[in-house]
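Engineer: This is structure-v2.txt, which holds compact mmCIF, C-alpha atoms and all ligand atoms:
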# COMPACT_ATOMS: atom_id res chain seq x y z
CA MET A 1 91.78 115.44 156.57
CA LEU A 2 91.83 112.13 158.45
CA ASN A 3 92.26 110.80 162.00
CA VAL A 4 93.49 107.42 160.73
CA ASP A 5 94.71 106.28 157.33
CA PRO A 6 92.25 103.57 156.17
CA ASP A 7 95.07 101.96 154.15
CA ASP A 8 97.61 101.96 157.01
CA ARG A 9 96.00 102.19 160.42
CA GLN A 10 99.36 102.89 162.09
CA GLN A 11 99.27 106.31 160.44
CA ARG A 12 97.29 108.84 162.48
CA MET A 13 96.42 112.48 161.91
CA LEU A 14 97.17 113.00 158.26
CA PHE A 15 96.27 114.62 154.99
CA LYS A 16 95.76 112.09 152.23
CA PRO A 17 97.42 112.25 149.83
CA GLY A 18 100.25 113.92 151.72
CA VAL A 19 101.95 114.80 148.45
CA LEU A 20 99.67 115.97 145.66
CA ARG A 21 100.78 116.70 142.08
CA ALA A 22 98.73 119.46 140.50
CA GLN A 23 98.74 121.88 137.58
CA LEU A 24 98.79 125.66 137.52
CA GLY A 25 95.26 127.01 137.93
CA ASP A 26 93.89 123.85 139.57
CA THR A 27 91.66 124.21 142.62
CA VAL A 28 92.27 122.01 145.64
CA LYS A 29 89.56 121.37 148.23
CA PHE A 30 90.43 120.10 151.70
CA VAL A 31 87.69 117.63 152.60
CA ALA A 32 86.81 117.30 156.30
CA SER A 33 86.41 113.51 156.30
CA ASP A 34 87.07 113.60 160.03
CA ARG A 35 86.35 116.50 162.34
CA GLY A 36 88.75 118.64 164.33
CA HIS A 37 91.21 119.53 161.58
CA ASN A 38 92.10 122.54 159.50
CA ALA A 39 94.44 123.33 156.63
CA GLN A 40 96.73 126.35 156.54
CA SER A 41 99.90 127.24 154.72
CA ILE A 42 103.23 126.93 156.49
CA ASP A 43 105.38 130.05 156.81
CA GLY A 44 108.06 130.03 154.14
CA MET A 45 106.37 127.28 152.12
CA THR A 46 104.25 129.28 149.69
CA PRO A 47 105.63 129.97 146.20
CA ASP A 48 106.27 133.56 145.12
CA GLY A 49 103.08 135.00 143.63
CA ALA A 50 100.74 132.70 145.57
CA GLU A 51 98.77 133.65 148.66
CA ASP A 52 98.98 132.07 152.09
CA PHE A 53 95.76 130.42 153.27
CA ARG A 54 94.27 129.51 156.62
CA GLY A 55 91.12 127.43 156.99
CA ARG A 56 89.14 127.29 160.22
CA ILE A 57 88.69 124.03 162.09
CA ASN A 58 86.35 121.74 160.05
CA GLU A 59 86.37 124.21 157.16
CA GLU A 60 86.53 122.66 153.69
CA ILE A 61 88.70 125.41 152.33
CA GLU A 62 89.33 125.62 148.57
CA ILE A 63 92.49 127.14 147.19
CA THR A 64 93.37 127.99 143.61
CA LEU A 65 96.96 127.27 142.70
CA SER A 66 97.99 130.55 141.12
CA ALA A 67 101.76 130.09 141.00
CA GLU A 68 104.16 127.28 140.25
CA GLY A 69 106.11 125.82 143.10
CA THR A 70 105.79 123.68 146.21
CA TYR A 71 103.06 124.54 148.73
CA GLY A 72 103.48 123.25 152.28
CA TYR A 73 100.52 123.23 154.65
CA LEU A 74 99.59 121.87 158.05
CA CYS A 75 96.77 121.24 160.48
CA GLN A 76 97.25 123.57 163.44
CA PRO A 77 96.01 121.22 166.22
CA HIS A 78 98.03 118.26 164.90
CA GLN A 79 101.12 119.84 163.40
CA THR A 80 103.41 118.27 165.99
CA MET A 81 101.83 114.87 165.23
CA GLY A 82 102.99 115.23 161.66
CA MET A 83 99.75 116.42 160.09
CA ILE A 84 101.26 118.26 157.17
CA GLY A 85 101.17 118.00 153.40
CA PHE A 86 102.60 119.30 150.16
CA ILE A 87 101.12 120.32 146.82
CA LEU A 88 103.40 120.38 143.78
CA VAL A 89 102.45 122.75 140.98
CA GLY A 90 104.12 122.96 137.57
CA ASP A 91 107.89 123.25 138.02
CA PHE A 92 107.67 122.80 141.76
CA THR A 93 111.44 122.81 142.28
CA THR A 94 111.65 126.62 142.11
CA ASN A 95 111.17 127.06 145.89
CA LEU A 96 112.09 123.57 147.03
CA ASP A 97 115.27 124.74 148.80
CA ALA A 98 113.25 127.31 150.76
CA VAL A 99 110.65 124.65 151.64
CA ARG A 100 113.39 122.32 152.84
CA GLU A 101 114.85 125.08 155.00
CA ALA A 102 111.47 126.05 156.48
CA ALA A 103 110.81 122.37 157.23
CA GLY A 104 113.78 122.46 159.58
CA SER A 105 111.87 124.71 161.97
CA LEU A 106 108.84 122.41 162.29
CA ARG A 107 108.63 120.68 165.66
CA GLY A 108 107.67 117.12 166.56
CA ARG A 109 109.22 113.70 166.05
CA ASP A 110 106.33 112.46 163.90
CA THR A 111 106.58 115.66 161.91
CA SER A 112 110.29 115.17 161.19
CA ARG A 113 109.65 111.58 160.09
CA ARG A 114 106.77 112.49 157.80
CA VAL A 115 108.52 115.53 156.36
CA ALA A 116 111.53 113.36 155.51
CA GLU A 117 109.26 110.77 153.82
CA TYR A 118 107.38 113.42 151.86
CA LEU A 119 110.54 115.27 150.80
CA ALA A 120 112.02 111.99 149.55
CA GLU A 121 108.81 111.37 147.59
CA ILE A 122 109.01 114.91 146.17
CA ASP A 123 112.65 114.42 145.16
CA ALA A 124 111.70 111.17 143.40
CA ILE A 125 108.93 112.95 141.47
CA ALA A 126 111.37 115.70 140.47
CA THR A 127 113.82 113.07 139.19
CA ASP A 128 111.06 111.17 137.34
CA GLU A 129 109.93 114.34 135.62
CA GLY A 130 113.43 115.55 134.79
CA LEU A 131 113.11 118.61 137.04
CA ALA A 132 115.88 117.71 139.48
CU CU B 201 94.41 117.75 162.36
Using the file provided, produce a representation of the structure as structure tokens.
Structural biologist:
Amino acid sequence: MLNVDPDDRQQRMLFKPGVLRAQLGDTVKFVASDRGHNAQSIDGMTPDGAEDFRGRINEEIEITLSAEGTYGYLCQPHQTMGMIGFILVGDFTTNLDAVREAAGSLRGRDTSRRVAEYLAEIDAIATDEGLA
């Protein structure tokens, strides 16, 4: 959870990496590198069989990836600034249409831009891995 991307200082309020490839059963920890952020799942962007999560501000929440699919999450204070991210587990294409649809209801110009970038990255991974 970052205020500024050290590799691209134009990018503010972000999770890094914004798209994370993971395996079923992995645990992901959200590290509070900067303060004032949280991580929580986005409605409609949790795979079937997995639980929604909601960390408090500055909380280094850990989640175990218990189902395959695409997990979308955001930082509540900075959602409209595009502070969102995705975790891809196993065959993550199973709920990708639902994720894409839910993404349409997220507000904010920076959010729309970042979601489009991340979804393009996700599509490229799906193609690379023969899942598309
Ligand atoms: Cu934030």
Engineer: Distance table requested - chain A against ligand CU 201 (chain B), cut-off 6 Å, all atoms listed in the file: one row per qualifying residue with the closest atom pair and its distance in Å to one decimal, ordered by chain and rising residue number, as a tab-separated table.
Structural biologist:
residue	atom	partner	partner_atom	distance
A:Met13	CA	B:CU201	CU	5.7
A:His37	CA	B:CU201	CU	3.7
A:Cys75	CA	B:CU201	CU	4.6
A:Pro77	CA	B:CU201	CU	5.4
A:His78	CA	B:CU201	CU	4.5
A:Met83	CA	B:CU201	CU	6.0
Engineer: Show which residues sit within 12 Å of Ala120 of chain A, as JSON, numbers by chain. Count all atoms listed in the file, and ignore same-chain residues fewer than 6 positions away.
Structural biologist: {"A": [19, 86, 96, 100, 113, 114, 126, 127]}
Engineer: Determine the axis-aligned bounding box of all atoms of segment 70-74 of chain A present in the file, pad each side by 8 Å, and express its centre and edge lengths in Å to one decimal place as JSON.
Structural biologist:
{"center_x": 102.7, "center_y": 123.2, "center_z": 152.1, "size_x": 22.2, "size_y": 18.7, "size_z": 27.8}
Engineer: With only C-alpha atoms as the atoms that count, which of A:Leu106, A:Leu74, A:Val99, A:Leu65 lies nearest to Phe15 of chain A?
Structural biologist: A:Leu74
Engineer: Ranking A:Arg21, A:Arg9, A:Arg54, A:Arg109 by minimum distance to Ser41 of chain A and counting only C-alpha atoms, which one comes first?
Structural biologist: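 Residue with the minimum atom-to-atom distance to Ser41 of chain A: A:Arg54.
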Engineer: Using all atoms listed in the file, find the one residue out of A:Thr70, A:Asn58, A:Gln10, A:Ser105 that sits nearest to Thr93 of chain A.
Structural biologist: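 Among A:Thr70, A:Asn58, A:Gln10, A:Ser105, it is A:Thr70 that comes nearest to Thr93 of chain A.
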Engineer: Quote the spacing between atom CA of Gly44 of chain A and atom CA of Tyr118 of chain A in Å to one decimal place.
Structural biologist: 16.8 Å
Engineer: Find, counting only C-alpha atoms, the residue in A:Ala132, A:Met1, A:Ile57, A:Ala103 that gets nearest to Gly72 of chain A.
Structural biologist: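 Closest to Gly72 of chain A, using only C-alpha atoms: A:Ala103.
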Engineer: Atom CA of Asn38 of chain A to atom CA of Asp97 of chain A: how many Å, to one decimal?
Structural biologist: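 Spanning atom CA of Asn38 of chain A to atom CA of Asp97 of chain A is a straight-line distance of 25.6 Å.
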Engineer: Taking (96.3, 127.1, 136.9) in the file's own coordinates, collect the residues within 10 Å, counting only C-alpha atoms, and hand them back as an MDAnalysis selection string.
Structural biologist: chainID A and resid 22:27 64:68 89:90
Engineer: Can you measure atom CA of Leu14 of chain A to atom CA of Ala116 of chain A for me? One decimal in Å is fine.
Structural biologist: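 Between atom CA of Leu14 of chain A and atom CA of Ala116 of chain A the gap works out to 14.6 Å.
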Engineer: Using all atoms listed in the file for the distances, tell me which of A:Val31, A:Val4, A:Ile125, A:Ile42 is nearest to Phe92 of chain A.
Structural biologist: A:Ile125
Engineer: Export N, CA and C atoms of segment 89-122 of chain A from the structure just given, as a tab-separated table (two decimals), in the first residue's frame?
Structural biologist:
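That gives us decode.tsv:
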chain	number	residue	atom	x	y	z
A	89	VAL	N	-5.96	-16.21	-9.12
A	89	VAL	CA	-5.68	-17.50	-8.49
A	89	VAL	C	-6.13	-18.63	-9.41
A	90	GLY	N	-5.20	-19.55	-9.67
A	90	GLY	CA	-5.51	-20.72	-10.49
A	90	GLY	C	-6.12	-20.29	-11.82
A	91	ASP	N	-7.21	-20.98	-12.22
A	91	ASP	CA	-7.93	-20.53	-13.42
A	91	ASP	C	-8.79	-19.33	-13.02
A	92	PHE	N	-8.18	-18.17	-13.19
A	92	PHE	CA	-8.82	-16.94	-12.70
A	92	PHE	C	-9.88	-16.40	-13.65
A	93	THR	N	-10.08	-17.09	-14.78
A	93	THR	CA	-11.06	-16.57	-15.76
A	93	THR	C	-12.50	-16.93	-15.39
A	94	THR	N	-12.65	-17.81	-14.38
A	94	THR	CA	-14.00	-18.31	-14.06
A	94	THR	C	-14.98	-17.18	-13.74
A	95	ASN	N	-14.53	-16.15	-13.04
A	95	ASN	CA	-15.44	-15.04	-12.66
A	95	ASN	C	-15.02	-13.71	-13.30
A	96	LEU	N	-14.24	-13.81	-14.37
A	96	LEU	CA	-13.70	-12.58	-14.95
A	96	LEU	C	-14.81	-11.70	-15.56
A	97	ASP	N	-15.84	-12.33	-16.12
A	97	ASP	CA	-16.95	-11.54	-16.67
A	97	ASP	C	-17.66	-10.77	-15.55
A	98	ALA	N	-17.87	-11.42	-14.42
A	98	ALA	CA	-18.52	-10.77	-13.28
A	98	ALA	C	-17.66	-9.62	-12.76
A	99	VAL	N	-16.34	-9.85	-12.71
A	99	VAL	CA	-15.41	-8.80	-12.26
A	99	VAL	C	-15.48	-7.60	-13.20
A	100	ARG	N	-15.49	-7.88	-14.49
A	100	ARG	CA	-15.57	-6.82	-15.48
A	100	ARG	C	-16.85	-6.00	-15.32
A	101	GLU	N	-17.95	-6.71	-15.06
A	101	GLU	CA	-19.23	-6.03	-14.89
A	101	GLU	C	-19.23	-5.18	-13.62
A	102	ALA	N	-18.72	-5.75	-12.52
A	102	ALA	CA	-18.67	-5.00	-11.25
A	102	ALA	C	-17.76	-3.78	-11.38
A	103	ALA	N	-16.72	-3.89	-12.20
A	103	ALA	CA	-15.79	-2.78	-12.39
A	103	ALA	C	-16.50	-1.57	-12.99
A	104	GLY	N	-17.56	-1.83	-13.73
A	104	GLY	CA	-18.31	-0.75	-14.36
A	104	GLY	C	-18.99	0.17	-13.37
A	105	SER	N	-19.18	-0.30	-12.12
A	105	SER	CA	-19.86	0.54	-11.14
A	105	SER	C	-18.89	1.27	-10.22
A	106	LEU	N	-17.57	1.11	-10.46
A	106	LEU	CA	-16.58	1.86	-9.67
A	106	LEU	C	-16.51	3.29	-10.20
A	107	ARG	N	-16.39	4.24	-9.29
A	107	ARG	CA	-16.38	5.66	-9.68
A	107	ARG	C	-14.98	6.24	-9.66
A	108	GLY	N	-14.75	7.24	-10.47
A	108	GLY	CA	-13.49	7.97	-10.47
A	108	GLY	C	-12.74	7.81	-11.78
A	109	ARG	N	-12.25	8.94	-12.32
A	109	ARG	CA	-11.54	8.89	-13.60
A	109	ARG	C	-10.26	8.07	-13.49
A	110	ASP	N	-9.50	8.30	-12.41
A	110	ASP	CA	-8.26	7.53	-12.23
A	110	ASP	C	-8.57	6.04	-12.06
A	111	THR	N	-9.71	5.77	-11.43
A	111	THR	CA	-10.10	4.38	-11.24
A	111	THR	C	-10.39	3.72	-12.59
A	112	SER	N	-11.15	4.40	-13.44
A	112	SER	CA	-11.48	3.83	-14.75
A	112	SER	C	-10.22	3.55	-15.55
A	113	ARG	N	-9.26	4.50	-15.50
A	113	ARG	CA	-8.01	4.34	-16.24
A	113	ARG	C	-7.24	3.13	-15.71
A	114	ARG	N	-7.10	3.06	-14.38
A	114	ARG	CA	-6.31	1.95	-13.83
A	114	ARG	C	-7.00	0.61	-14.03
A	115	VAL	N	-8.33	0.58	-13.86
A	115	VAL	CA	-9.05	-0.67	-14.07
A	115	VAL	C	-8.83	-1.15	-15.50
A	116	ALA	N	-8.91	-0.24	-16.46
A	116	ALA	CA	-8.72	-0.62	-17.86
A	116	ALA	C	-7.31	-1.19	-18.07
A	117	GLU	N	-6.30	-0.53	-17.47
A	117	GLU	CA	-4.92	-1.03	-17.60
A	117	GLU	C	-4.78	-2.42	-16.98
A	118	TYR	N	-5.34	-2.57	-15.79
A	118	TYR	CA	-5.20	-3.85	-15.09
A	118	TYR	C	-5.95	-4.96	-15.82
A	119	LEU	N	-7.16	-4.64	-16.32
A	119	LEU	CA	-7.92	-5.67	-17.04
A	119	LEU	C	-7.21	-6.08	-18.32
A	120	ALA	N	-6.56	-5.14	-18.98
A	120	ALA	CA	-5.78	-5.48	-20.18
A	120	ALA	C	-4.62	-6.40	-19.80
A	121	GLU	N	-3.97	-6.09	-18.68
A	121	GLU	CA	-2.87	-6.93	-18.19
A	121	GLU	C	-3.38	-8.34	-17.86
A	122	ILE	N	-4.56	-8.40	-17.23
A	122	ILE	CA	-5.15	-9.69	-16.87
A	122	ILE	C	-5.49	-10.48	-18.13
